Amino acid sequence: MARIPSKSEILDWITDNPSRTAKRDIARAFGIKGAQRIDLKRILKEMEAEGILRKRRSSYRDADKLPPVSVLQVLGPDSDGDLLARPLEWAGDGVEPAILISLRESDPALSEGDRILARLTETPKDDHPYTGRLIRRIGTSPQRTLGVFRSGSEGGRIVPIDKGSSKEWLVGAGETGGAKDGELVEAEHSGPKGRMGLPRARIVTRLGDPTQVKAVSLIAIHQHGIPDHFPADVLGEAEKAKPASLGKRTDLRDLPLITIDPYDARDRDDACYVKLDEAKDNPGGFIIWVAIADVAHYVTPGSALDQEARKRGNSTYFPDRVVPMLPDRLSGDLCSLHEGLERACVAVEMRIDVEGNKLGQTFHRGLMKSQASLNYQEVQAAIDGAPSDKTAPLLEPVLKPLYAAYEALKQARARRQPLELDLPERQIVIDDEGHVRSVNFKERLDAHRFIEEFMVLANVAAAETLQSKQRPLLYRVHEEPSPEKIEQLREVAVASGLVLAKGQVLQTKQLNRLMAQARETEQAELISMTTLRSMTQAYYSPENFEHFGLALKSYAHFTSPIRRYSDLIVHRALVDAHKWGKDGLSPFDVENLDATAKQISDTERRSMMAERDTTDRYLAAFLSDRLGAEMPGRIAGIVKFGVFVKLDETGADALVPIRSLGREYFDYDADSQTLMGSESGMMIGLGQRATVKLVEAAPVSGGLIAELVSLDEQIMPRGPSKKRGKPPRRKMSASKKQAANTKRKLTRKRRQK
């Protein structure tokens, strides 16, 4: 009779023979027959209960080891460019292993999120414990949703938080992930549709109570897939970074450079200084210095920091937190130009004449020491005659020259005529507990404007320098609006009694002239909104298609490499162009400029959507205790299902569903962006004044629902339903009737053509 093996002997056998781990294989290996199989079965059950073994179908394996054939999810490349994956079936006590994927030339390309079946080989002496060979790709990353879990007798449902989605997801009893009723969860699609045609889901992440104030930005981070945790190798590289020494850098430490930022700035990546140009050939001119943190010194091509920064593309800013492009060791310390500390920088020295024309520029890789860290309000107060103890010594030698140079640059701006869309920017103020204390519109000061002008000038200088030296770079491109969009704008202008000349090459000054015509009229808001909506979205490109909005032939982003990867690429190009070191553009950077441009253009849009959604949620929370209140605003959007009203006080957009409009049916015209009453002929169009009553505020989704109380001071009728009789005709002013008819006529003519 054979001896029953010990638990350690069984484990050793399974480890040495990963393909022969069925109970029958183990019994045969140890010569166990007959009734002894019962004892073997008992031992295997004990090992399974103790977590030593894991049963997989009819075979056993070490719980801390992966089976030889496993299902994996591709993670993407690491800092060395090696493709990694994670196991989808891991029951061990230790850290989930990262698996190195070895692809053959015949294998298909794999993307982050792909699911694959792979054959694994243990490689304990290498950096990764397993190497995987692709057997086949199973599928791409499953569709995900973010929502509130509602438990039920057979699992539960997920109610999506997305304003545009009303479809619930079914969660099976074994796929809740331990989520509790009312928790915010992230789930992925897990199979065919269930009852009532609802999709099935498996909860993969529990995010806690959605009503907690800190959940607001967390929702956006998860919903839009923004990376908010740095990998260990990225943090390790950042922590090893040391302050730069002078070396071959230009010594700018005695130059009285200062930083001017918002009072709550989280980073300081630009500094400036202005002095009179003493050259005889430039009477009344200025020398403007703009110094930018030398991020390229710390984030070198191909490093873990570089790959993570490219992946993120940019920092994302929320009212309660920032998701940075770089770890705080860099963004908040070594690459932040703090007062009194020596910091590596790339500086541009620009000469302008008395009329604001740029005469030339010289770039330096330097070492600087900021003389002062100021905010916009205290700088403006000093210029307006109320200097503080901190700004008083700087007023004559530093601050006044800044404003003098700005006066010259204003002349050049007036000649260039960039698009003058000075749109108000909201500021949501959060208290220490994370609640919205107030919603304001940011004040626009001359201190803001001159910093913007200096940054634009420095960006132009970078683009022109790299062009002249024939170096590859990423341009910031803003193409002119399409003819269709301009024709729609022209129709709105004509209907409003204004003029936008036809048949000319479109220039920003024509649009500025149109907005100036409308400035003192009831149509000012309508014209501004329509002009803004006619614009294309700016993006990054290795080819120069100019910047229409700024009316500039060449433009690149140079001034914010802490928070934009595009600027880091431009800094590296400048390093190459001036032969400052070996940390310039890599072959990968140059060969992949197109891909990088698309990547960071996409991440920029992702951040914009996440920031907008978070603002909507904070505004909904702020207004949730004012249900039933009447609020003034303007019509900001018209769609088939209703009207969006931008509220004056907060800038929030409230939806008025079309079913709640008056006592008649309204016809939607997409071309003219209007709704017309089927019986009264009443027109609802962009820019009209409106008063609404708030009836619903949903902080989790950010949705606001309202009823239209009045339009252009005319009370909206209430009473019988739309099927019960004819409502009284509302009188329209002659000018509004003419505008409405003109809009509709022009639309019909265009359709006939």
# chains A, B, ... in the order shown; residues from 1 in each chain; ligands from 1

$ closest_atom_pairs --of "region 663-701 of chain A" --to "region 516-529 of chain A" --cutoff "9 Å" --atoms "only C-alpha atoms" --output "JSON lines"
{"residue": "A:Gly685", "atom": "CA", "partner": "A:Leu526", "partner_atom": "CA", "distance": 8.4}
{"residue": "A:Leu686", "atom": "CA", "partner": "A:Leu526", "partner_atom": "CA", "distance": 5.5}
{"residue": "A:Gly687", "atom": "CA", "partner": "A:Leu526", "partner_atom": "CA", "distance": 4.1}
{"residue": "A:Gln688", "atom": "CA", "partner": "A:Leu526", "partner_atom": "CA", "distance": 7.5}
{"residue": "A:Arg689", "atom": "CA", "partner": "A:Glu522", "partner_atom": "CA", "distance": 8.9}

$ residues_around --residues "Glu188 (chain A)" --least-positions-apart "2" --cutoff "7 Å" --atoms "only C-alpha atoms" --output "ChimeraX atom specification"
/A:142-145,190,201-204

$ closest_atom_pairs --of "region 421-534 of chain A" --to "region 653-672 of chain A" --cutoff "9 Å" --atoms "only C-alpha atoms" --output "CSV"
residue,atom,partner,partner_atom,distance
A:Gln488,CA,A:Asp671,CA,7.2
A:Glu491,CA,A:Ser672,CA,7.9
A:Val492,CA,A:Ser672,CA,7.4

$ write_last_selection --atoms "C-alpha atoms" --output "PDB file, in the first residue's frame"
ATOM      1  CA  GLN A 488     -25.528  80.090 -40.310  1.00  0.00           C
ATOM      2  CA  GLU A 491     -28.357  84.227 -41.266  1.00  0.00           C
ATOM      3  CA  VAL A 492     -28.665  84.946 -37.552  1.00  0.00           C
TER       4      VAL A 492
END

$ residues_around --residues "region 244-249 of chain A" --least-positions-apart "6" --cutoff "7 Å" --atoms "only C-alpha atoms" --output "ChimeraX atom specification"
/A:343-344,365-367

$ select_by_dssp --residues "region 401-518 of chain A" --states "strand (DSSP E)" --output "list in words"
Arg426, Gln427, Ile428, Val429, Ile430, Val436, Arg437, Ser438, Val439, Asn440, Phe441, Tyr475, Arg476 and Val477 of chain A

$ residues_around --residues "His224 (chain A)" --least-positions-apart "4" --cutoff "7 Å" --atoms "only C-alpha atoms" --output "list in words"
Ala220, Arg606 and Ala610 of chain A

$ residues_around --residues "Gly549 (chain A)" --least-positions-apart "2" --cutoff "9 Å" --atoms "only C-alpha atoms" --output "list in words"
Pro418, Leu419, Glu420, His478, Glu479, Glu480, Thr508, Met535, His547, Ala551 and Leu552 of chain A

$ write_last_selection --atoms "all heavy atoms" --output "tab-separated table (two decimals), in the first residue's frame"
chain	number	residue	atom	x	y	z
A	418	PRO	N	-7.25	89.81	-32.76
A	418	PRO	CA	-7.70	88.45	-32.46
A	418	PRO	C	-9.17	88.48	-32.07
A	418	PRO	O	-9.73	89.54	-31.79
A	418	PRO	CB	-6.82	88.04	-31.27
A	418	PRO	CG	-6.43	89.34	-30.63
A	418	PRO	CD	-6.31	90.32	-31.76
A	419	LEU	N	-9.80	87.33	-32.08
A	419	LEU	CA	-11.23	87.25	-31.78
A	419	LEU	C	-11.49	87.71	-30.35
A	419	LEU	O	-10.91	87.18	-29.40
A	419	LEU	CB	-11.71	85.81	-31.97
A	419	LEU	CG	-13.21	85.59	-32.06
A	419	LEU	CD1	-13.81	86.35	-33.25
A	419	LEU	CD2	-13.52	84.11	-32.17
A	420	GLU	N	-12.35	88.71	-30.20
A	420	GLU	CA	-12.62	89.32	-28.88
A	420	GLU	C	-13.83	88.67	-28.24
A	420	GLU	O	-14.90	89.26	-28.13
A	420	GLU	CB	-12.83	90.83	-29.02
A	420	GLU	CG	-11.63	91.59	-29.56
A	420	GLU	CD	-10.47	91.66	-28.56
A	420	GLU	OE1	-10.64	91.20	-27.41
A	420	GLU	OE2	-9.40	92.15	-28.94
A	478	HIS	N	-5.65	76.39	-34.79
A	478	HIS	CA	-7.08	76.71	-34.72
A	478	HIS	C	-7.51	77.12	-36.13
A	478	HIS	O	-7.17	78.20	-36.59
A	478	HIS	CB	-7.34	77.85	-33.73
A	478	HIS	CG	-8.79	78.17	-33.57
A	478	HIS	ND1	-9.26	79.47	-33.50
A	478	HIS	CD2	-9.89	77.38	-33.50
A	478	HIS	CE1	-10.57	79.45	-33.37
A	478	HIS	NE2	-10.97	78.20	-33.37
A	479	GLU	N	-8.20	76.21	-36.80
A	479	GLU	CA	-8.59	76.48	-38.18
A	479	GLU	C	-9.82	77.38	-38.24
A	479	GLU	O	-10.62	77.43	-37.30
A	479	GLU	CB	-8.85	75.16	-38.90
A	479	GLU	CG	-7.61	74.28	-39.00
A	479	GLU	CD	-7.85	73.05	-39.85
A	479	GLU	OE1	-8.11	73.21	-41.06
A	479	GLU	OE2	-7.79	71.93	-39.31
A	480	GLU	N	-9.97	78.07	-39.35
A	480	GLU	CA	-11.11	78.97	-39.49
A	480	GLU	C	-12.41	78.17	-39.61
A	480	GLU	O	-12.41	77.00	-39.97
A	480	GLU	CB	-10.93	79.87	-40.71
A	480	GLU	CG	-10.96	79.14	-42.04
A	480	GLU	CD	-10.78	80.11	-43.21
A	480	GLU	OE1	-9.79	80.85	-43.21
A	480	GLU	OE2	-11.64	80.09	-44.11
A	508	THR	N	-10.80	87.60	-38.45
A	508	THR	CA	-11.37	87.82	-37.11
A	508	THR	C	-11.92	89.23	-36.96
A	508	THR	O	-12.88	89.44	-36.22
A	508	THR	CB	-10.30	87.56	-36.04
A	508	THR	OG1	-9.10	88.26	-36.38
A	508	THR	CG2	-10.00	86.08	-35.91
A	535	MET	N	-17.08	78.42	-34.20
A	535	MET	CA	-15.64	78.17	-34.18
A	535	MET	C	-15.33	76.68	-34.19
A	535	MET	O	-16.08	75.86	-33.64
A	535	MET	CB	-15.00	78.79	-32.93
A	535	MET	CG	-15.04	80.32	-32.87
A	535	MET	SD	-14.08	81.10	-34.19
A	535	MET	CE	-15.41	81.76	-35.18
A	547	HIS	N	-3.31	79.90	-36.48
A	547	HIS	CA	-4.26	80.02	-35.37
A	547	HIS	C	-5.24	81.14	-35.70
A	547	HIS	O	-4.92	82.32	-35.58
A	547	HIS	CB	-3.54	80.31	-34.05
A	547	HIS	CG	-4.36	80.00	-32.84
A	547	HIS	ND1	-5.51	80.70	-32.53
A	547	HIS	CD2	-4.23	79.05	-31.87
A	547	HIS	CE1	-6.03	80.22	-31.42
A	547	HIS	NE2	-5.28	79.21	-31.00
A	551	ALA	N	-5.38	85.12	-34.58
A	551	ALA	CA	-4.91	85.83	-35.78
A	551	ALA	C	-3.38	85.80	-35.86
A	551	ALA	O	-2.72	86.82	-36.06
A	551	ALA	CB	-5.42	87.28	-35.79
A	552	LEU	N	-2.83	84.58	-35.72
A	552	LEU	CA	-1.38	84.41	-35.74
A	552	LEU	C	-1.00	83.37	-36.80
A	552	LEU	O	-1.67	82.35	-36.95
A	552	LEU	CB	-0.88	83.95	-34.37
A	552	LEU	CG	-0.96	84.98	-33.25
A	552	LEU	CD1	-0.72	84.33	-31.90
A	552	LEU	CD2	0.03	86.12	-33.49

$ atom_distance --atom1 "CA of Lys598 (chain A)" --atom2 "CA of Asp82 (chain A)"
22.3 Å

$ closest_residue --among "A:His297, A:Arg563, A:Arg612, A:His222" --to "Gly313 (chain A)" --atoms "only C-alpha atoms"
A:Arg563
